[in-house]
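Engineer: Okay, so here is upload-v1.cif, and as you'll see once you scroll down, it has mmCIF, C-alpha atoms.
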data_final
#
loop_
_atom_site.label_atom_id
_atom_site.label_comp_id
_atom_site.auth_asym_id
_atom_site.auth_seq_id
_atom_site.Cartn_x
_atom_site.Cartn_y
_atom_site.Cartn_z
CA MET A 1 -104.63 -3.21 23.70
CA TYR A 2 -104.35 -6.96 24.19
CA TYR A 3 -101.57 -7.56 26.68
CA ASN A 4 -98.84 -5.96 28.78
CA ASP A 5 -95.77 -7.19 30.64
CA ASN A 6 -97.94 -8.71 33.40
CA THR A 7 -100.48 -10.53 31.23
CA VAL A 8 -100.59 -14.30 31.69
CA ILE A 9 -101.57 -16.76 28.97
CA TYR A 10 -101.83 -20.53 28.79
CA PHE A 11 -99.72 -22.25 26.13
CA ASP A 12 -98.99 -25.93 25.53
CA GLY A 13 -99.54 -27.07 29.11
CA ASN A 14 -98.16 -24.09 31.00
CA PHE A 15 -99.19 -20.65 32.24
CA MET A 16 -96.62 -18.03 31.23
CA LYS A 17 -96.18 -14.34 30.52
CA ALA A 18 -97.65 -13.32 27.18
CA SER A 19 -94.49 -11.32 26.45
CA GLU A 20 -92.40 -14.48 26.78
CA ALA A 21 -94.44 -16.71 24.47
CA GLY A 22 -93.42 -17.44 20.90
CA THR A 23 -94.45 -19.36 17.83
CA ASP A 24 -92.62 -21.73 15.50
CA LEU A 25 -91.92 -20.06 12.14
CA TYR A 26 -92.24 -23.46 10.47
CA GLY A 27 -95.70 -24.09 11.97
CA GLN A 28 -98.39 -25.33 9.61
CA SER A 29 -100.90 -22.86 11.07
CA LEU A 30 -98.72 -19.84 10.34
CA HIS A 31 -98.09 -20.85 6.73
CA TYR A 32 -101.53 -22.14 5.75
CA GLY A 33 -104.04 -20.71 8.23
CA TYR A 34 -104.57 -24.27 9.45
CA SER A 35 -105.88 -23.55 12.95
CA VAL A 36 -109.18 -23.45 14.81
CA PHE A 37 -110.29 -21.00 17.45
CA GLU A 38 -113.16 -19.67 19.53
CA GLY A 39 -114.34 -16.29 20.74
CA ILE A 40 -115.80 -16.41 24.26
CA LYS A 41 -116.79 -13.73 26.76
CA SER A 42 -116.93 -13.63 30.52
CA TYR A 43 -119.03 -11.24 32.55
CA SER A 44 -119.25 -9.89 36.05
CA THR A 45 -122.55 -11.30 37.36
CA GLU A 46 -124.41 -11.53 40.63
CA HIS A 47 -122.71 -14.92 41.09
CA GLY A 48 -119.19 -13.70 40.32
CA THR A 49 -117.24 -13.98 37.10
CA ARG A 50 -119.12 -16.19 34.64
CA ILE A 51 -118.08 -17.46 31.22
CA PHE A 52 -121.13 -17.32 28.98
CA LYS A 53 -121.92 -20.71 27.40
CA ALA A 54 -118.45 -22.14 27.96
CA GLU A 55 -119.64 -25.69 27.25
CA GLU A 56 -121.16 -24.76 23.89
CA HIS A 57 -118.04 -22.87 22.81
CA TYR A 58 -115.64 -25.62 23.78
CA GLU A 59 -117.80 -28.31 22.21
CA ARG A 60 -117.61 -26.30 18.98
CA LEU A 61 -113.83 -25.91 19.33
CA LYS A 62 -113.46 -29.66 19.63
CA ARG A 63 -115.80 -30.19 16.68
CA SER A 64 -113.86 -27.68 14.57
CA ALA A 65 -110.62 -29.53 15.31
CA GLU A 66 -112.26 -32.83 14.40
CA LEU A 67 -113.60 -31.47 11.10
CA MET A 68 -110.14 -30.13 10.22
CA HIS A 69 -108.36 -33.38 11.23
CA ILE A 70 -106.38 -31.58 13.92
CA PRO A 71 -105.51 -33.84 16.89
CA PHE A 72 -106.94 -32.29 20.06
CA ASN A 73 -107.47 -34.19 23.30
CA TYR A 74 -108.60 -31.62 25.88
CA SER A 75 -112.03 -32.19 27.43
CA VAL A 76 -114.63 -29.47 27.78
CA GLU A 77 -114.21 -29.67 31.54
CA GLN A 78 -110.43 -29.19 31.32
CA LEU A 79 -110.80 -26.26 28.95
CA THR A 80 -113.36 -24.56 31.15
CA GLU A 81 -111.29 -25.05 34.30
CA LEU A 82 -108.15 -23.70 32.62
CA THR A 83 -110.06 -20.66 31.36
CA TYR A 84 -111.38 -19.75 34.78
CA GLU A 85 -107.84 -20.08 36.14
CA LEU A 86 -106.58 -17.82 33.34
CA LEU A 87 -109.15 -15.17 34.23
CA ASP A 88 -108.26 -15.44 37.91
CA ARG A 89 -104.49 -15.16 37.29
CA ASN A 90 -105.08 -11.96 35.30
CA GLY A 91 -107.75 -10.52 37.60
CA PHE A 92 -110.27 -10.32 34.74
CA THR A 93 -114.06 -10.31 35.06
CA ASP A 94 -115.50 -8.75 31.89
CA ALA A 95 -113.15 -10.23 29.33
CA TYR A 96 -112.84 -11.62 25.84
CA ILE A 97 -111.27 -15.07 25.68
CA ARG A 98 -109.53 -16.48 22.61
CA PRO A 99 -108.76 -20.22 22.66
CA LEU A 100 -106.55 -21.10 19.70
CA VAL A 101 -105.42 -24.53 18.49
CA THR A 102 -102.37 -24.44 16.22
CA CYS A 103 -100.35 -27.17 14.56
CA SER A 104 -96.72 -28.28 14.68
CA PRO A 105 -94.13 -27.72 11.90
CA ASN A 106 -95.29 -29.32 8.67
CA MET A 107 -94.77 -27.87 5.20
CA SER A 108 -96.80 -30.57 3.44
CA LEU A 109 -100.51 -30.30 2.72
CA SER A 110 -101.47 -33.04 5.11
CA LYS A 111 -103.37 -33.25 8.38
CA GLY A 112 -101.84 -31.96 11.61
CA LYS A 113 -99.41 -34.20 13.44
CA LYS A 114 -99.52 -32.41 16.79
CA SER A 115 -101.47 -29.45 18.13
CA TYR A 116 -100.82 -26.74 20.71
CA LEU A 117 -103.49 -25.05 22.81
CA SER A 118 -103.24 -21.35 23.55
CA LEU A 119 -105.67 -19.54 25.86
CA LEU A 120 -105.54 -15.76 25.64
CA ALA A 121 -107.75 -13.16 27.31
CA TRP A 122 -108.04 -9.41 27.59
CA GLU A 123 -110.41 -7.01 29.31
CA TRP A 124 -113.34 -6.11 27.09
CA SER A 125 -116.53 -4.64 28.54
CA ASN A 126 -118.30 -3.82 25.28
CA GLY A 127 -118.68 -5.27 21.79
CA TYR A 128 -116.33 -4.43 18.96
CA LEU A 129 -119.20 -2.99 16.95
CA ALA A 130 -121.34 0.08 17.66
CA ASP A 131 -125.11 0.40 17.46
CA LYS A 132 -126.82 1.89 14.40
CA MET A 133 -124.30 0.56 11.89
CA LYS A 134 -124.33 1.53 8.24
CA ILE A 135 -123.66 -1.60 6.21
CA MET A 136 -123.28 -2.49 2.55
CA THR A 137 -123.75 -5.61 0.46
CA SER A 138 -120.25 -6.91 -0.19
CA GLU A 139 -118.79 -7.98 -3.52
CA PHE A 140 -116.97 -10.73 -1.62
CA GLN A 141 -118.90 -13.97 -1.15
CA ARG A 142 -118.99 -16.29 1.83
CA PRO A 143 -116.77 -19.36 1.13
CA ASN A 144 -118.57 -22.12 -0.74
CA PRO A 145 -119.59 -24.93 1.67
CA LYS A 146 -118.44 -27.47 -0.92
CA ALA A 147 -114.93 -26.01 -0.70
CA PHE A 148 -114.65 -25.50 3.07
CA LYS A 149 -116.04 -26.84 6.32
CA VAL A 150 -117.95 -23.59 6.88
CA GLU A 151 -119.44 -24.79 10.18
CA ALA A 152 -115.92 -24.94 11.66
CA LYS A 153 -114.29 -21.82 13.07
CA VAL A 154 -111.03 -21.95 11.13
CA GLY A 155 -108.33 -19.30 11.11
CA GLY A 156 -107.84 -19.31 7.34
CA HIS A 157 -111.53 -18.65 6.67
CA TYR A 158 -111.18 -15.17 8.12
CA VAL A 159 -109.00 -13.85 5.30
CA ASN A 160 -112.32 -13.65 3.45
CA SER A 161 -113.75 -11.69 6.40
CA ILE A 162 -110.86 -9.22 6.41
CA LEU A 163 -111.29 -8.53 2.70
CA ALA A 164 -115.04 -7.96 2.99
CA CYS A 165 -114.86 -5.83 6.13
CA GLN A 166 -111.99 -3.63 4.95
CA ASP A 167 -113.63 -3.10 1.57
CA ALA A 168 -116.76 -1.83 3.33
CA LYS A 169 -114.74 0.49 5.56
CA ASP A 170 -112.80 1.83 2.58
CA LYS A 171 -116.15 2.74 1.00
CA GLY A 172 -117.36 4.62 4.08
CA TYR A 173 -119.49 1.93 5.73
CA ASP A 174 -119.16 0.32 9.15
CA GLU A 175 -119.44 -3.31 8.06
CA ALA A 176 -120.18 -5.68 5.20
CA LEU A 177 -123.13 -7.94 4.52
CA VAL A 178 -121.78 -11.03 2.78
CA LEU A 179 -123.79 -13.18 0.37
CA ASP A 180 -123.44 -16.88 -0.35
CA GLU A 181 -122.55 -18.42 -3.71
CA ASN A 182 -126.23 -18.35 -4.75
CA GLY A 183 -126.69 -14.64 -4.01
CA TYR A 184 -128.53 -15.07 -0.72
CA VAL A 185 -127.61 -13.22 2.47
CA ALA A 186 -125.20 -15.24 4.64
CA GLU A 187 -123.74 -13.10 7.45
CA SER A 188 -121.49 -10.15 8.14
CA SER A 189 -117.71 -10.47 8.05
CA GLY A 190 -117.81 -11.93 11.55
CA ALA A 191 -121.38 -12.12 12.91
CA ASN A 192 -124.79 -13.57 12.11
CA VAL A 193 -127.61 -11.36 10.86
CA PHE A 194 -131.35 -10.96 11.51
CA TYR A 195 -133.93 -8.57 10.12
CA GLU A 196 -137.40 -7.71 11.38
CA LYS A 197 -140.63 -7.30 9.43
CA ASP A 198 -144.08 -6.89 11.04
CA GLY A 199 -142.90 -8.26 14.38
CA VAL A 200 -141.26 -11.36 12.88
CA LEU A 201 -137.50 -11.97 12.84
CA PHE A 202 -135.82 -13.58 9.84
CA THR A 203 -132.31 -15.03 9.65
CA PRO A 204 -130.41 -16.94 6.94
CA ALA A 205 -130.91 -20.69 6.89
CA LYS A 206 -127.96 -22.99 7.52
CA GLY A 207 -125.82 -23.94 4.56
CA SER A 208 -123.20 -21.23 4.05
CA ILE A 209 -123.26 -19.60 7.49
CA LEU A 210 -121.37 -20.28 10.69
CA PRO A 211 -124.35 -21.20 12.91
CA GLY A 212 -123.30 -19.05 15.84
CA ILE A 213 -123.83 -19.65 19.53
CA THR A 214 -125.22 -16.13 19.94
CA ARG A 215 -127.55 -16.83 17.01
CA GLN A 216 -128.86 -19.86 18.88
CA THR A 217 -129.25 -17.74 22.01
CA VAL A 218 -131.42 -15.32 20.01
CA PHE A 219 -133.68 -18.26 19.12
CA GLU A 220 -133.91 -19.16 22.81
CA ILE A 221 -134.75 -15.58 23.77
CA CYS A 222 -137.40 -15.38 21.05
CA TYR A 223 -139.00 -18.56 22.37
CA GLU A 224 -139.10 -17.13 25.90
CA LEU A 225 -140.51 -13.79 24.74
CA ASP A 226 -142.93 -15.33 22.21
CA ILE A 227 -141.30 -13.53 19.27
CA PRO A 228 -141.75 -15.34 15.93
CA VAL A 229 -138.47 -16.14 14.16
CA GLN A 230 -137.91 -17.87 10.83
CA GLU A 231 -134.86 -19.30 9.07
CA LYS A 232 -134.99 -18.85 5.31
CA PHE A 233 -132.96 -17.90 2.25
CA PHE A 234 -133.41 -14.25 1.28
CA THR A 235 -131.68 -11.58 -0.78
CA SER A 236 -130.25 -8.28 0.42
CA GLU A 237 -133.05 -6.56 -1.54
CA GLU A 238 -135.62 -8.32 0.65
CA MET A 239 -133.79 -7.06 3.74
CA GLN A 240 -133.51 -3.45 2.53
CA GLY A 241 -136.06 -1.11 4.09
CA ALA A 242 -137.24 -3.66 6.67
CA ASP A 243 -138.44 -2.53 10.08
CA ALA A 244 -135.10 -3.29 11.75
CA GLY A 245 -131.96 -5.38 11.46
CA PHE A 246 -129.15 -6.52 13.72
CA PHE A 247 -125.88 -8.42 13.78
CA CYS A 248 -125.19 -10.86 16.61
CA GLY A 249 -122.08 -12.64 17.86
CA THR A 250 -120.13 -13.26 21.02
CA ALA A 251 -117.97 -10.15 20.63
CA ALA A 252 -120.63 -7.99 18.98
CA GLU A 253 -123.47 -9.17 21.25
CA ILE A 254 -126.62 -7.65 19.63
CA VAL A 255 -125.84 -4.69 17.35
CA ALA A 256 -128.57 -2.57 15.76
CA LEU A 257 -128.27 -1.69 12.08
CA ASP A 258 -129.04 1.77 10.73
CA SER A 259 -129.13 1.13 7.00
CA LEU A 260 -128.29 -1.37 4.27
CA ASP A 261 -126.89 0.00 1.01
CA ASP A 262 -127.93 3.50 2.14
CA ILE A 263 -131.56 2.45 2.59
CA PRO A 264 -132.56 3.04 6.24
CA PHE A 265 -134.39 0.53 8.37
CA THR A 266 -137.77 2.12 8.94
CA ARG A 267 -138.85 1.72 12.57
CA ASN A 268 -137.50 3.46 15.64
CA TRP A 269 -135.18 0.86 17.22
CA GLU A 270 -136.71 1.35 20.66
CA ASP A 271 -140.12 0.31 19.28
CA THR A 272 -138.95 -2.98 17.72
CA VAL A 273 -138.94 -6.56 18.94
CA SER A 274 -135.25 -6.54 17.94
CA ASN A 275 -134.64 -4.06 20.75
CA LYS A 276 -136.39 -6.43 23.18
CA VAL A 277 -134.01 -9.18 22.09
CA GLN A 278 -131.02 -6.88 22.58
CA GLN A 279 -132.11 -5.97 26.10
CA ALA A 280 -132.89 -9.57 27.01
CA TYR A 281 -129.48 -10.73 25.80
CA SER A 282 -127.70 -8.05 27.82
CA LYS A 283 -129.59 -9.14 30.90
CA LEU A 284 -129.07 -12.82 30.25
CA VAL A 285 -125.28 -12.70 30.10
CA ARG A 286 -124.99 -10.58 33.24
CA VAL A 287 -127.68 -11.77 35.65
CA LEU A 288 -128.29 -15.31 34.44
CA SER A 289 -131.99 -14.88 33.70
CA LEU A 290 -134.34 -13.31 31.17
#
Could I get this structure in the form of structure tokens?

Structural biologist:
Amino acid sequence: MYYNDNTVIYFDGNFMKASEAGTDLYGQSLHYGYSVFEGIKSYSTEHGTRIFKAEEHYERLKRSAELMHIPFNYSVEQLTELTYELLDRNGFTDAYIRPLVTCSPNMSLSKGKKSYLSLLAWEWSNGYLADKMKIMTSEFQRPNPKAFKVEAKVGGHYVNSILACQDAKDKGYDEALVLDENGYVAESSGANVFYEKDGVLFTPAKGSILPGITRQTVFEICYELDIPVQEKFFTSEEMQGADAGFFCGTAAEIVALDSLDDIPFTRNWEDTVSNKVQQAYSKLVRVLSL
């Protein structure tokens, strides 16, 4: 799915075949999940291949490395230029891009001594989630912000996501809705969440969430379309039976929800302001305008 014998990646200063790349078995990232990464998408647009919000993603990658005390000296401009070259070398237009910063061998629990940049990409013309998802409130909580730098996109954090997502799938649902340590809705296993009530959108306030770039884009779209949106703390019970709900993220884009804990969202998706946001986002990433 991700690569073949001809796929090119960027690793530690060089472009090379994906099939020829390797990792150090003594690497700190492999043993402890001590790495940072991004998920970015490119699209075929009227102006050619375009990486959506490359600057915002790479600023966050650099910030994640800083928060985790991982040395990382690439500039946003260098990262963006290398990514466009990676897409060109592989002949990709609609693609998912995974920048990954890993650390050198170190078996002690201390900050990284040296980092390695990997840039990977594969063709991906649709989100990893499907519309009208059936979701459940997870028994797994979002990591406590006093225990982790939850605003950083860290590899090790996603063990929590795997547990929550797989538990939901094992129980017959499509995805999980994860709560914070106080019992308020945080996000899904890998995307931010909104729900709609009487034409107003609500989304969890910052604190335990990863404040996503797509989430911020939804705010921008709502401003342009004059759709009220509020950040607040709320429970899954408050979200149940609302007019509509959706997940949002770079890979997922805007994904409509069908039900939460077997309680359906009540309005026809096509009649909701959430649907207007979904359509506006799809247009934005592909034709550069609302």

Engineer: Using all atoms listed in the file, what residues lie at most 7 Å away from (-142.6, -11.2, 20.1) (file coordinates), given as a PyMOL selection string?

Structural biologist: chain A and resi 199+222+225-228+273

Engineer: Between A:Tyr195, A:Phe148, A:Tyr116, A:Tyr74, which is the closest to A:Lys62 once you count only C-alpha atoms?

Structural biologist: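 Smallest separation from A:Lys62 among the options: A:Tyr74.
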
Engineer: Can you work out the spacing between atom CA of A:Leu79 and atom CA of A:His57 in Å, to one decimal?

Structural biologist: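 The value is 10.1 Å.
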
Engineer: Rounded to one decimal, what separation in Å do you get between atom CA of A:Ala152 and atom CA of A:Leu210?

Structural biologist: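 Atom-to-atom, atom CA of A:Ala152 and atom CA of A:Leu210 are spaced 7.2 Å apart.
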
Engineer: The PyMOL selection byres ((chain A and resi 41-53) around 8) on the file shown: which residues, as a list in words?

Structural biologist: Gly39, Ile40, Ala54, Glu55, Glu56, His57, Tyr84, Thr93, Asp94, Ala95, Tyr96, Ile97, Thr250, Ala251, Val285, Arg286, Val287 and Leu288 of chain A

Engineer: Under the rule that all atoms listed in the file are counted, which of A:Ser208, A:Ser104, A:Gln28, A:Gln166 is the nearest residue to A:Arg142?

Structural biologist: A:Ser208

Engineer: List the residues selected by the PyMOL selection byres ((chain A and resi 119) around 12) in the file shown, writing them as a count of residues only.

Structural biologist: 40

Engineer: Between atom CA of A:Pro211 and atom CA of A:Cys165, what is the distance, to one decimal in Å?

Structural biologist: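 One can read the atom CA of A:Pro211 to atom CA of A:Cys165 distance as 19.3 Å.
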
Engineer: Between A:Val36, A:Leu67, A:Ile213, A:Ala244, single out the one closest to A:Gly155, counting all atoms listed in the file.

Structural biologist: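 So, comparing all the options, the nearest one is A:Val36.
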
Engineer: Find the residue from A:Asp258, A:Pro264, A:Ile162, A:Lys276 that sits nearest to A:Leu201; use all atoms listed in the file when measuring.

Structural biologist: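 Checking each candidate against A:Leu201, we get A:Lys276 as the closest.
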
Engineer: Given the point (-115.0, -7.6, -4.5) in the coordinates of this file, which residues lie within 10 Å, counting only C-alpha atoms, and how would they look as a list in words?

Structural biologist: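 Residues with an atom at most 10 Å from (-115.0, -7.6, -4.5): Ser138, Glu139, Phe140, Gln141, Leu163, Ala164, Asp167 and Ala168 of chain A.
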
Engineer: Check which residues satisfy the PyMOL selection byres ((chain A and resi 256) around 6) in the file shown, then give them as a short mmCIF file (atom, residue, chain, number, x, y, z; two decimals) with C-alpha atoms, in the frame of the given file.

Structural biologist:
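After the write, part31.cif holds the following:
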data_model
loop_
_atom_site.label_atom_id
_atom_site.label_comp_id
_atom_site.auth_asym_id
_atom_site.auth_seq_id
_atom_site.Cartn_x
_atom_site.Cartn_y
_atom_site.Cartn_z
CA ASP A 131 -125.11 0.40 17.46
CA LYS A 132 -126.82 1.89 14.40
CA PHE A 246 -129.15 -6.52 13.72
CA VAL A 255 -125.84 -4.69 17.35
CA LEU A 257 -128.27 -1.69 12.08
#

Engineer: Which residues, written as a count of residues only, have at least one atom at most 9 Å from A:Gly156, with all atoms listed in the file counted and residues fewer than 5 positions away on the same chain left out?

Structural biologist: 6

Engineer: Using all atoms listed in the file, determine which residues lie at most 9 Å from A:Gly212, disregarding the query and same-chain residues fewer than 5 positions distant; provide the list as number ranges by chain.

Structural biologist: A: 151, 191-192, 217, 248-250

Engineer: Have a look at A:Asp262, A:Glu224, A:Asp243, A:Asp88 and name the one nearest to A:Thr137; count only C-alpha atoms.

Structural biologist: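 Closest to A:Thr137, using only C-alpha atoms: A:Asp262.
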
Engineer: Could you pull the residues within 10 Å of A:Lys113, counting all atoms listed in the file, minus those fewer than 5 positions along the same chain, as a tab-separated table (two decimals) with C-alpha atoms, in the frame of the given file?

Structural biologist:
chain	number	residue	atom	x	y	z
A	28	GLN	CA	-98.39	-25.33	9.61
A	69	HIS	CA	-108.36	-33.38	11.23
A	70	ILE	CA	-106.38	-31.58	13.92
A	71	PRO	CA	-105.51	-33.84	16.89
A	103	CYS	CA	-100.35	-27.17	14.56
A	104	SER	CA	-96.72	-28.28	14.68
A	105	PRO	CA	-94.13	-27.72	11.90
A	106	ASN	CA	-95.29	-29.32	8.67

Engineer: Identify which of the residues A:Val193, A:Ala242, A:Val200, A:Ala280 lies closest to A:Asn268, counting all atoms listed in the file when measuring atom-to-atom distances.

Structural biologist: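 Ranking A:Val193, A:Ala242, A:Val200, A:Ala280 by distance to A:Asn268, first place goes to A:Ala242.
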